[in-house]
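Notes follow once the structure below has been shown.
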Amino acid sequence: MAIQAAVFTELAKHGYGRLSIEAVARRAGVGKTAIYRRWSSKLQMVVEVVSAAAVKVMPVPDTGTLSGDIRELLDAGAQAMRHPLASQIVPDLLAEAARNPDIAETLENALRETQQGLSAVMVKNAVERGDLPADTDAELAFDMVFGPLYWRVAVTRRPASDDYLDSLAEGATAALIAAHGPAAPPGGQEAAG
């Protein structure tokens with residue numbers, strides 16, 4: 001735990017470019033070898049620590065409704081993005097990714113794994129409840145839910161009030177249903193209309 005906390009503190013204080021394994025080790029009260037036994041590089045250490053933290057703060061909701069699941073995910077996402085360390089670390093890592101193809105690829109792969117896991121379960125639950133059809137694109141669903149939230153909180157740095165999150169959840173739910181059509185009725189028959 002001390003190493004993970006040290007990584008976050010050093011990232012927030014100095015950014016990825018100036019982060020060093022030596023500084024992380026010093027702050028965590030461990031030797032450099034303790035870190036190198038676990039991670040072979042600064043990039044691997046940062047991506048693994050940040051990814052693990054993202055998974056912890058983004059639980060997969062199962063409220064019983066698609067809109068409820070989306071609202072819960074938005075709330076967790078907004079809280080995570082408003083965290084003082086995250087609000088410093090995420091933009092810095094994205095800026096580094098724009099300059100360094102290795103960072104970009106590693107960060108993209110880590111984010112994609114986390115994103116696909118969350119969205120796949122959310123969509124699977126919605127399909128099983130009959131909220132969405134089986135061919136719903138889980139990646140598009142995630143983008144439709146989190147794109148506007150990320151833009152508001154991380155890019156424009158505007159607050160995401162409960163009213164805003166409620167409206168965004170309603171809009172994302174309606175957009176997903178509109179983009180993918182209604183779920184087939186039980187028994188596989190086409191709905192009359």
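Quick note on naming: the chains in the structure tokens go A, B, ... in the order shown, residues restart at 1 in each chain, and ligands are numbered from 1 in order of appearance.
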
Contact residues around Ala120 (chain A) with only C-alpha atoms at 10 Å, ignoring same-chain residues under 5 positions, as a PyMOL selection string:
chain A and resi 60+115+125-126+136-139+141-142

Could you write those residues out with all heavy atoms, as a PDB file, in the first residue's frame?
ATOM      1  N   VAL A  60     -19.042  -2.329 -10.574  1.00  0.00           N
ATOM      2  CA  VAL A  60     -20.042  -2.636 -11.590  1.00  0.00           C
ATOM      3  C   VAL A  60     -21.401  -2.663 -10.894  1.00  0.00           C
ATOM      4  O   VAL A  60     -21.663  -3.531 -10.073  1.00  0.00           O
ATOM      5  CB  VAL A  60     -19.759  -3.997 -12.264  1.00  0.00           C
ATOM      6  CG1 VAL A  60     -20.826  -4.303 -13.303  1.00  0.00           C
ATOM      7  CG2 VAL A  60     -18.385  -3.990 -12.904  1.00  0.00           C
ATOM      8  N   GLN A 115     -12.349  -0.462 -19.064  1.00  0.00           N
ATOM      9  CA  GLN A 115     -13.586   0.008 -19.695  1.00  0.00           C
ATOM     10  C   GLN A 115     -14.414  -1.155 -20.214  1.00  0.00           C
ATOM     11  O   GLN A 115     -15.618  -1.218 -19.990  1.00  0.00           O
ATOM     12  CB  GLN A 115     -13.227   0.969 -20.827  1.00  0.00           C
ATOM     13  CG  GLN A 115     -14.333   1.218 -21.818  1.00  0.00           C
ATOM     14  CD  GLN A 115     -13.819   1.975 -23.028  1.00  0.00           C
ATOM     15  OE1 GLN A 115     -12.953   2.807 -22.922  1.00  0.00           O
ATOM     16  NE2 GLN A 115     -14.394   1.692 -24.171  1.00  0.00           N
ATOM     17  N   ASN A 125     -26.047  -7.163 -18.140  1.00  0.00           N
ATOM     18  CA  ASN A 125     -27.161  -7.073 -17.187  1.00  0.00           C
ATOM     19  C   ASN A 125     -28.391  -6.437 -17.829  1.00  0.00           C
ATOM     20  O   ASN A 125     -29.515  -6.893 -17.622  1.00  0.00           O
ATOM     21  CB  ASN A 125     -26.744  -6.272 -15.944  1.00  0.00           C
ATOM     22  CG  ASN A 125     -25.729  -6.999 -15.093  1.00  0.00           C
ATOM     23  OD1 ASN A 125     -25.543  -8.207 -15.215  1.00  0.00           O
ATOM     24  ND2 ASN A 125     -25.058  -6.262 -14.230  1.00  0.00           N
ATOM     25  N   ALA A 126     -28.178  -5.389 -18.613  1.00  0.00           N
ATOM     26  CA  ALA A 126     -29.295  -4.712 -19.277  1.00  0.00           C
ATOM     27  C   ALA A 126     -29.962  -5.627 -20.303  1.00  0.00           C
ATOM     28  O   ALA A 126     -31.194  -5.636 -20.437  1.00  0.00           O
ATOM     29  CB  ALA A 126     -28.818  -3.423 -19.940  1.00  0.00           C
ATOM     30  N   THR A 136     -26.115  -4.999 -28.535  1.00  0.00           N
ATOM     31  CA  THR A 136     -25.670  -3.689 -28.066  1.00  0.00           C
ATOM     32  C   THR A 136     -24.145  -3.641 -28.003  1.00  0.00           C
ATOM     33  O   THR A 136     -23.507  -4.555 -27.488  1.00  0.00           O
ATOM     34  CB  THR A 136     -26.268  -3.379 -26.679  1.00  0.00           C
ATOM     35  OG1 THR A 136     -27.692  -3.362 -26.785  1.00  0.00           O
ATOM     36  CG2 THR A 136     -25.788  -2.049 -26.149  1.00  0.00           C
ATOM     37  N   ASP A 137     -23.589  -2.583 -28.518  1.00  0.00           N
ATOM     38  CA  ASP A 137     -22.145  -2.366 -28.538  1.00  0.00           C
ATOM     39  C   ASP A 137     -21.709  -1.819 -27.173  1.00  0.00           C
ATOM     40  O   ASP A 137     -21.970  -0.658 -26.841  1.00  0.00           O
ATOM     41  CB  ASP A 137     -21.811  -1.379 -29.657  1.00  0.00           C
ATOM     42  CG  ASP A 137     -20.328  -1.116 -29.820  1.00  0.00           C
ATOM     43  OD1 ASP A 137     -19.555  -1.287 -28.849  1.00  0.00           O
ATOM     44  OD2 ASP A 137     -19.942  -0.722 -30.929  1.00  0.00           O
ATOM     45  N   ALA A 138     -21.042  -2.651 -26.379  1.00  0.00           N
ATOM     46  CA  ALA A 138     -20.654  -2.263 -25.015  1.00  0.00           C
ATOM     47  C   ALA A 138     -19.636  -1.119 -25.015  1.00  0.00           C
ATOM     48  O   ALA A 138     -19.671  -0.257 -24.131  1.00  0.00           O
ATOM     49  CB  ALA A 138     -20.097  -3.471 -24.271  1.00  0.00           C
ATOM     50  N   GLU A 139     -18.746  -1.096 -25.988  1.00  0.00           N
ATOM     51  CA  GLU A 139     -17.757  -0.016 -26.042  1.00  0.00           C
ATOM     52  C   GLU A 139     -18.430   1.320 -26.340  1.00  0.00           C
ATOM     53  O   GLU A 139     -18.131   2.340 -25.710  1.00  0.00           O
ATOM     54  CB  GLU A 139     -16.691  -0.323 -27.092  1.00  0.00           C
ATOM     55  CG  GLU A 139     -15.547   0.649 -27.074  1.00  0.00           C
ATOM     56  CD  GLU A 139     -14.415   0.253 -28.008  1.00  0.00           C
ATOM     57  OE1 GLU A 139     -14.344  -0.908 -28.437  1.00  0.00           O
ATOM     58  OE2 GLU A 139     -13.588   1.124 -28.295  1.00  0.00           O
ATOM     59  N   ALA A 141     -21.499   2.008 -25.653  1.00  0.00           N
ATOM     60  CA  ALA A 141     -22.279   2.329 -24.453  1.00  0.00           C
ATOM     61  C   ALA A 141     -21.402   3.054 -23.436  1.00  0.00           C
ATOM     62  O   ALA A 141     -21.811   4.075 -22.865  1.00  0.00           O
ATOM     63  CB  ALA A 141     -22.865   1.056 -23.846  1.00  0.00           C
ATOM     64  N   PHE A 142     -20.207   2.557 -23.211  1.00  0.00           N
ATOM     65  CA  PHE A 142     -19.302   3.192 -22.260  1.00  0.00           C
ATOM     66  C   PHE A 142     -18.965   4.611 -22.709  1.00  0.00           C
ATOM     67  O   PHE A 142     -18.977   5.542 -21.901  1.00  0.00           O
ATOM     68  CB  PHE A 142     -18.032   2.361 -22.110  1.00  0.00           C
ATOM     69  CG  PHE A 142     -17.157   2.814 -20.974  1.00  0.00           C
ATOM     70  CD1 PHE A 142     -17.336   2.308 -19.699  1.00  0.00           C
ATOM     71  CD2 PHE A 142     -16.147   3.747 -21.182  1.00  0.00           C
ATOM     72  CE1 PHE A 142     -16.533   2.717 -18.644  1.00  0.00           C
ATOM     73  CE2 PHE A 142     -15.342   4.163 -20.138  1.00  0.00           C
ATOM     74  CZ  PHE A 142     -15.533   3.645 -18.868  1.00  0.00           C
TER      75      PHE A 142
END

Determine, counting only C-alpha atoms, which protein, DNA and RNA residues have an atom within 12 Å of an atom of Ala80 (chain A); residues of the same chain fewer than 2 positions away are not included. Present the result as a VMD selection string.
chain A and resid 50 53 to 59 73 to 78 82 to 90 149 to 150 153 to 154 160

Just N, CA and C atoms for this one: save the residues we selected as a PDB file, in the first residue's frame.
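Now in result_21.pdb:
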ATOM      1  N   VAL A  50      -2.263   2.873 -11.287  1.00  0.00           N
ATOM      2  CA  VAL A  50      -3.407   3.707 -11.653  1.00  0.00           C
ATOM      3  C   VAL A  50      -4.588   2.838 -12.099  1.00  0.00           C
ATOM      4  N   ALA A  53      -6.301   1.228  -9.107  1.00  0.00           N
ATOM      5  CA  ALA A  53      -7.110   2.205  -8.379  1.00  0.00           C
ATOM      6  C   ALA A  53      -8.410   2.492  -9.130  1.00  0.00           C
ATOM      7  N   ALA A  54      -8.343   2.563 -10.453  1.00  0.00           N
ATOM      8  CA  ALA A  54      -9.546   2.828 -11.256  1.00  0.00           C
ATOM      9  C   ALA A  54     -10.567   1.718 -11.092  1.00  0.00           C
ATOM     10  N   VAL A  55     -10.105   0.484 -11.063  1.00  0.00           N
ATOM     11  CA  VAL A  55     -11.019  -0.654 -10.899  1.00  0.00           C
ATOM     12  C   VAL A  55     -11.702  -0.602  -9.533  1.00  0.00           C
ATOM     13  N   LYS A  56     -10.945  -0.208  -8.506  1.00  0.00           N
ATOM     14  CA  LYS A  56     -11.514  -0.146  -7.153  1.00  0.00           C
ATOM     15  C   LYS A  56     -12.601   0.902  -7.024  1.00  0.00           C
ATOM     16  N   VAL A  57     -12.446   2.046  -7.691  1.00  0.00           N
ATOM     17  CA  VAL A  57     -13.432   3.118  -7.536  1.00  0.00           C
ATOM     18  C   VAL A  57     -14.582   3.012  -8.520  1.00  0.00           C
ATOM     19  N   MET A  58     -14.498   2.101  -9.465  1.00  0.00           N
ATOM     20  CA  MET A  58     -15.560   1.965 -10.458  1.00  0.00           C
ATOM     21  C   MET A  58     -16.232   0.601 -10.323  1.00  0.00           C
ATOM     22  N   PRO A  59     -17.072   0.430  -9.318  1.00  0.00           N
ATOM     23  CA  PRO A  59     -17.746  -0.856  -9.154  1.00  0.00           C
ATOM     24  C   PRO A  59     -18.755  -1.071 -10.275  1.00  0.00           C
ATOM     25  N   LEU A  73     -22.853   4.454 -12.051  1.00  0.00           N
ATOM     26  CA  LEU A  73     -21.529   4.553 -12.678  1.00  0.00           C
ATOM     27  C   LEU A  73     -21.098   6.006 -12.811  1.00  0.00           C
ATOM     28  N   LEU A  74     -22.022   6.866 -13.206  1.00  0.00           N
ATOM     29  CA  LEU A  74     -21.695   8.289 -13.341  1.00  0.00           C
ATOM     30  C   LEU A  74     -21.290   8.888 -11.999  1.00  0.00           C
ATOM     31  N   ASP A  75     -21.995   8.510 -10.948  1.00  0.00           N
ATOM     32  CA  ASP A  75     -21.667   9.033  -9.628  1.00  0.00           C
ATOM     33  C   ASP A  75     -20.256   8.592  -9.220  1.00  0.00           C
ATOM     34  N   ALA A  76     -19.949   7.312  -9.405  1.00  0.00           N
ATOM     35  CA  ALA A  76     -18.615   6.801  -9.063  1.00  0.00           C
ATOM     36  C   ALA A  76     -17.546   7.478  -9.924  1.00  0.00           C
ATOM     37  N   GLY A  77     -17.837   7.638 -11.209  1.00  0.00           N
ATOM     38  CA  GLY A  77     -16.878   8.283 -12.103  1.00  0.00           C
ATOM     39  C   GLY A  77     -16.644   9.736 -11.739  1.00  0.00           C
ATOM     40  N   ALA A  78     -17.706  10.453 -11.412  1.00  0.00           N
ATOM     41  CA  ALA A  78     -17.572  11.863 -11.032  1.00  0.00           C
ATOM     42  C   ALA A  78     -16.767  12.002  -9.745  1.00  0.00           C
ATOM     43  N   ARG A  82     -13.135  13.890  -9.501  1.00  0.00           N
ATOM     44  CA  ARG A  82     -13.027  15.082  -8.645  1.00  0.00           C
ATOM     45  C   ARG A  82     -11.966  14.913  -7.559  1.00  0.00           C
ATOM     46  N   HIS A  83     -11.491  13.692  -7.353  1.00  0.00           N
ATOM     47  CA  HIS A  83     -10.482  13.470  -6.320  1.00  0.00           C
ATOM     48  C   HIS A  83      -9.271  14.336  -6.644  1.00  0.00           C
ATOM     49  N   PRO A  84      -8.723  15.020  -5.646  1.00  0.00           N
ATOM     50  CA  PRO A  84      -7.602  15.936  -5.921  1.00  0.00           C
ATOM     51  C   PRO A  84      -6.427  15.285  -6.640  1.00  0.00           C
ATOM     52  N   LEU A  85      -6.075  14.062  -6.278  1.00  0.00           N
ATOM     53  CA  LEU A  85      -4.953  13.411  -6.962  1.00  0.00           C
ATOM     54  C   LEU A  85      -5.319  13.063  -8.400  1.00  0.00           C
ATOM     55  N   ALA A  86      -6.502  12.508  -8.603  1.00  0.00           N
ATOM     56  CA  ALA A  86      -6.917  12.123  -9.959  1.00  0.00           C
ATOM     57  C   ALA A  86      -7.005  13.343 -10.865  1.00  0.00           C
ATOM     58  N   SER A  87      -7.485  14.455 -10.330  1.00  0.00           N
ATOM     59  CA  SER A  87      -7.636  15.651 -11.168  1.00  0.00           C
ATOM     60  C   SER A  87      -6.286  16.203 -11.624  1.00  0.00           C
ATOM     61  N   GLN A  88      -5.211  15.838 -10.914  1.00  0.00           N
ATOM     62  CA  GLN A  88      -3.869  16.227 -11.342  1.00  0.00           C
ATOM     63  C   GLN A  88      -3.213  15.152 -12.197  1.00  0.00           C
ATOM     64  N   ILE A  89      -3.422  13.900 -11.838  1.00  0.00           N
ATOM     65  CA  ILE A  89      -2.716  12.791 -12.477  1.00  0.00           C
ATOM     66  C   ILE A  89      -3.252  12.480 -13.868  1.00  0.00           C
ATOM     67  N   VAL A  90      -4.558  12.402 -14.028  1.00  0.00           N
ATOM     68  CA  VAL A  90      -5.143  11.994 -15.312  1.00  0.00           C
ATOM     69  C   VAL A  90      -4.743  12.942 -16.442  1.00  0.00           C
ATOM     70  N   LEU A 149     -19.311  13.093 -19.265  1.00  0.00           N
ATOM     71  CA  LEU A 149     -18.851  13.327 -17.895  1.00  0.00           C
ATOM     72  C   LEU A 149     -17.374  13.704 -17.888  1.00  0.00           C
ATOM     73  N   TYR A 150     -16.566  12.972 -18.642  1.00  0.00           N
ATOM     74  CA  TYR A 150     -15.141  13.285 -18.704  1.00  0.00           C
ATOM     75  C   TYR A 150     -14.932  14.696 -19.244  1.00  0.00           C
ATOM     76  N   VAL A 153     -15.997  17.273 -16.400  1.00  0.00           N
ATOM     77  CA  VAL A 153     -15.207  17.309 -15.168  1.00  0.00           C
ATOM     78  C   VAL A 153     -13.709  17.459 -15.430  1.00  0.00           C
ATOM     79  N   ALA A 154     -13.168  16.685 -16.359  1.00  0.00           N
ATOM     80  CA  ALA A 154     -11.722  16.678 -16.565  1.00  0.00           C
ATOM     81  C   ALA A 154     -11.240  17.746 -17.541  1.00  0.00           C
ATOM     82  N   ALA A 160     -20.099  18.597 -11.562  1.00  0.00           N
ATOM     83  CA  ALA A 160     -21.141  17.663 -12.005  1.00  0.00           C
ATOM     84  C   ALA A 160     -22.087  17.463 -10.823  1.00  0.00           C
TER      85      ALA A 160
END

What is the CA of Gly64 (chain A)-CA of Ser51 (chain A) distance in Å, reported with one decimal?
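We find that CA of Gly64 (chain A) and CA of Ser51 (chain A) lie 27.1 Å from each other.
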
Just the residues within 12 Å of region 100-103 of chain A, please, counting only C-alpha atoms, with nothing from its chain fewer than 2 positions along; format it as a PyMOL selection string.
chain A and resi 16-17+41-47+92-98+105-111

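Going from CA of Arg71 (chain A) over to CA of Ala5 (chain A), you cover 28.9 Å.
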